[in-house]
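Report on one structure; see the data block that follows.
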Amino acid sequence: MLDINYISPFRNPFESFWMAGFECTDKLNCFGNRVDFLSVTGHLDKVDEDYKNLRQLNFKTVREGLRWSIAETAPYQYNWADAEKIIKAAKENDIQVIWDICHFGYPGDLTPLHPMFASRFAAFCRDFIKFYRSIDSTGTLIVTPFNEVSFLSWLGGDVCGTSPYCRGYGWEVKYHIMKAYIRGVEAILETDSNTRLMTTEPLVNMVPPLNATESEMKEAVKRHEEQFQVLDILSGRMCPELRGKPEYIDIIGCNYYYNNQWIIDSCVFLPWANESNDPRWLPLSTLINQLYSRYQRPVVLSETSHPKEDRPAWMTFVAHECKKSIEAGVPFWGICWYPIIDRPDWDHLEPWHHAGVWEIDNSEGKLVRVLHEPTAEAIRNAQALLEGAGTGTRIMNKKYEIS
């Protein structure tokens with residue numbers, strides 16, 4: 001066990017335990033077409049309306065994205081008009097924003113394998129922090145430098161789903177994204193040392209087939225462990241030449257959906273309700289507790305949702321599991337329903353997923369928001385369940401040890 005001798009007050013910076021995520025990807029999809037979900041969903045035009053709607057469920061903290069491919073108009077030249085619009089709407093509606101600096105999209109002249117990728121990302125981070133502080137010089141600023149590096153490096157490095165459209169280069173893509181990630185963190189903290197950092201990585205359970213051979217069981221353990229590479233690199237446990245440090249892990253956001261547990265090779269999902277009592281399935285609370293035990297950092301469920309009619313049941317399931325983690329002593333600081341308004345498929349822009357708390361009625365081309373009442377009621381019940389269960393502001397002040 002490595003005692004990092006890092007002593008810091010880990011104060012909960014969030015305005016609310018319940019959070020809303022607005023789908024903000026600006027990625028190139030599998031066909032090479034740029035998608036812009038802040039525009040597709042109408043959120044950029046309807047941001048004031050969307051923030052007012054959140055009052056119905058007492059959500060005061062949201063996840064938003066900068067859309068690197070759009071904000072960087074030319075190398076090292078930036079247009080922050082869209083970010084400014086969101087900042088002003090948030091202030092007017094008493095909303096706190098967690099900013100995704102990169103949510104899957106890069107400028108068209110860059111890929112993670114480009115030699116200037118890390119430098120360009122660091123400059124982008126630095127300029128955003130300066131811009132943000134020119135508007136709000138004292139408020140708490142929370143950023144996620146890269147969303148889901150594990151998923152993004154697989155999507156672009158192994159299955160040709162986005163830039164750089166490779167197969168068999170997942171590790172190389174991950175390595176170079178993490179180089180940029182850490183360079184970005186350095187630039188952020190050099191510009192404003194009070195900025196808070198939140199990771200957002202998938203939390204998964206990869207298992208062997210039933211009646212597995214010893215080789216299959218070892219392979220499942222190996223692949224399951226690989227989900228932690230991003231946080232291990234960020235903290236300096238792996239690839240120390242990239243300059244990761246333990247303090248770069250501030251708040252751990254974990255993204256968990258109904259299909260986050262699967263059998264290796266076949267990729268068959270373990271049913272999320274585990275009706276058949278599969279011994280390989282692990283409760284969400286167990287996965288969260290293991291994550292906290294590994295890194296000893298506060299945890300947020302930074303993305304979760306379910307499509308269609310199972311949304312209410314999913315919310316109930318998640319709330320009970322998170323309550324277990326809170327009761328087990330995990331400093332668990334929030335649940336973010338993502339996406340809070342519905343979104344379409346990345347690659348075809350149809351069909352829409354029907355996973356939002358607000359559906360989209362576009363029958364007249366107006367992207368009308370329609371509250372999905374059963375899900376809203378399930379959220380209200382979940383809020384009542386978790387009220388008083390340690391979901392308020394908590395202060396941690398201790399020496400952390402990372403094994």
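Identifiers in the structure tokens: chain A, B, ... in order shown; residue index from 1 per chain; ligand index from 1 in order shown.
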
Using DSSP secondary structure from the backbone, list all alpha helix (DSSP H) positions within stretch 27-208 of chain A, as a ChimeraX atom specification. /A:37-40,47-53,68-71,81-92,117-135,149-157,170-191

Need to verify the contact set: stretch 17-29 of chain A, 9 Å, only C-alpha atoms, exclusion of same-chain residues closer than 6 positions in sequence. Can you return it as a ChimeraX atom specification? /A:35-39,41,43,54,57-70,100,102-106,108,161-163,300,302-303,333-343,346-348,383,391-393

I want to know what sits within 9 Å of A:Arg311, based on only C-alpha atoms, with residues of the same chain fewer than 6 positions away left out; could you give that as a PyMOL selection string? chain A and resi 305+355-357+374-375+378

Nearest to A:Gly32: which of A:Asn211, A:Phe14, A:Cys160, A:Asn93 is it, counting only C-alpha atoms?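 Counting only C-alpha atoms, the residue closest to A:Gly32 is A:Cys160.
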
Can you pull out every residue within 9 Å of A:His306, counting only C-alpha atoms, but drop anything in the same chain fewer than 4 positions away, and send it as JSON, numbers by chain? {"A": [257, 258, 310, 311, 312, 313, 314, 315, 353, 354, 355, 356]}

Which polymer residues have any atom within 8 Å of an atom of A:Arg126, counting only C-alpha atoms, with same-chain residues fewer than 2 positions away left out, as a PyMOL selection string? chain A and resi 122-124+128-130+184+187-188+191

Write a file of the just-selected residues containing N, CA and C atoms, as a tab-separated table (two decimals), in the first residue's frame.
```tsv
chain	number	residue	atom	x	y	z
A	122	ALA	N	-4.79	20.98	-23.92
A	122	ALA	CA	-4.36	21.77	-22.76
A	122	ALA	C	-4.64	23.25	-22.97
A	123	ALA	N	-4.39	23.73	-24.17
A	123	ALA	CA	-4.66	25.15	-24.48
A	123	ALA	C	-6.15	25.44	-24.42
A	124	PHE	N	-6.96	24.50	-24.91
A	124	PHE	CA	-8.41	24.65	-24.87
A	124	PHE	C	-8.90	24.75	-23.43
A	128	PHE	N	-10.61	28.09	-21.62
A	128	PHE	CA	-11.97	28.03	-21.04
A	128	PHE	C	-11.97	28.49	-19.59
A	129	ILE	N	-10.99	28.04	-18.81
A	129	ILE	CA	-10.95	28.44	-17.40
A	129	ILE	C	-10.83	29.96	-17.29
A	130	LYS	N	-9.96	30.55	-18.11
A	130	LYS	CA	-9.81	32.00	-18.10
A	130	LYS	C	-11.12	32.69	-18.49
A	184	GLY	N	-4.27	18.53	-19.73
A	184	GLY	CA	-5.40	19.43	-19.50
A	184	GLY	C	-5.58	19.74	-18.03
A	187	ALA	N	-3.03	22.22	-16.94
A	187	ALA	CA	-3.36	23.57	-17.41
A	187	ALA	C	-4.49	24.17	-16.58
A	188	ILE	N	-5.50	23.35	-16.25
A	188	ILE	CA	-6.63	23.82	-15.45
A	188	ILE	C	-6.16	24.31	-14.09
A	191	THR	N	-4.12	27.42	-13.98
A	191	THR	CA	-4.93	28.61	-14.23
A	191	THR	C	-5.81	28.96	-13.04
```

Residue contacts of A:Ala81 (10 Å, only C-alpha atoms) excluding same-chain residues fewer than 5 positions away, as JSON, numbers by chain: {"A": [71, 86, 87]}

Based on the selection just made, write C-alpha atoms of those residues as a PDB file, in the first residue's frame.
```pdb
ATOM      1  CA  ALA A  71     -15.793  26.058 -29.686  1.00  0.00           C
ATOM      2  CA  ILE A  86     -25.437  28.424 -20.817  1.00  0.00           C
ATOM      3  CA  ILE A  87     -23.521  30.184 -18.018  1.00  0.00           C
TER       4      ILE A  87
END
```

Atom CA of A:Phe228 and atom CA of A:Phe31, how far apart in Å? 29.7 Å

Stretch 20-173 of chain A: which residues are strand (DSSP E) by DSSP, as number ranges by chain? A: 20-21, 61-65, 72-74, 77-78, 96-102, 142-146

One number please: atom CA of A:Leu203 to atom CA of A:His224, in Å, one decimal.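 Calculated distance between atom CA of A:Leu203 and atom CA of A:His224 is 9.8 Å.
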
Might you pull out every residue within 10 Å of A:Lys85, with only C-alpha atoms counted and same-chain residues fewer than 6 positions away left off, and present them as a list in words? Leu44, Asp45, Val47 and Asp48 of chain A

C-alpha atoms of the current selection, written as a tab-separated table (two decimals), in the first residue's frame:
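Listed below is the output, again.tsv:
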```
chain	number	residue	atom	x	y	z
A	44	LEU	CA	-29.10	25.16	-26.75
A	45	ASP	CA	-32.14	27.11	-27.95
A	47	VAL	CA	-31.81	26.12	-22.23
A	48	ASP	CA	-33.83	28.59	-20.15
```

Dump as JSON lines the rows for residues of stretch 59-156 of chain A within 7 Å of stretch 168-180 of chain A: closest atom pair and distance in Å with one decimal, only C-alpha atoms counted, ordered by chain and rising residue number.
```
{"residue": "A:Pro112", "atom": "CA", "partner": "A:His176", "partner_atom": "CA", "distance": 5.8}
{"residue": "A:Leu113", "atom": "CA", "partner": "A:His176", "partner_atom": "CA", "distance": 6.4}
{"residue": "A:Phe117", "atom": "CA", "partner": "A:Ala180", "partner_atom": "CA", "distance": 6.7}
{"residue": "A:Ala118", "atom": "CA", "partner": "A:Ala180", "partner_atom": "CA", "distance": 3.9}
{"residue": "A:Phe121", "atom": "CA", "partner": "A:Ala180", "partner_atom": "CA", "distance": 6.2}
{"residue": "A:Ala122", "atom": "CA", "partner": "A:Ala180", "partner_atom": "CA", "distance": 6.8}
{"residue": "A:Val149", "atom": "CA", "partner": "A:Lys174", "partner_atom": "CA", "distance": 6.6}
{"residue": "A:Ser150", "atom": "CA", "partner": "A:Lys174", "partner_atom": "CA", "distance": 7.0}
{"residue": "A:Ser153", "atom": "CA", "partner": "A:Lys174", "partner_atom": "CA", "distance": 5.0}
{"residue": "A:Trp154", "atom": "CA", "partner": "A:Gly170", "partner_atom": "CA", "distance": 5.2}
```

Suppose you want the space between atom CA of A:Leu367 and atom CA of A:Glu49; what is it in Å?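 Pair atom CA of A:Leu367 / atom CA of A:Glu49 returns 11.8 Å.
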
Of the candidates A:Leu155, A:Tyr76, A:Asp361, A:Ala376, which one gets nearest to A:Gln56 if we count only C-alpha atoms?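 Checking each candidate against A:Gln56, we get A:Ala376 as the closest.
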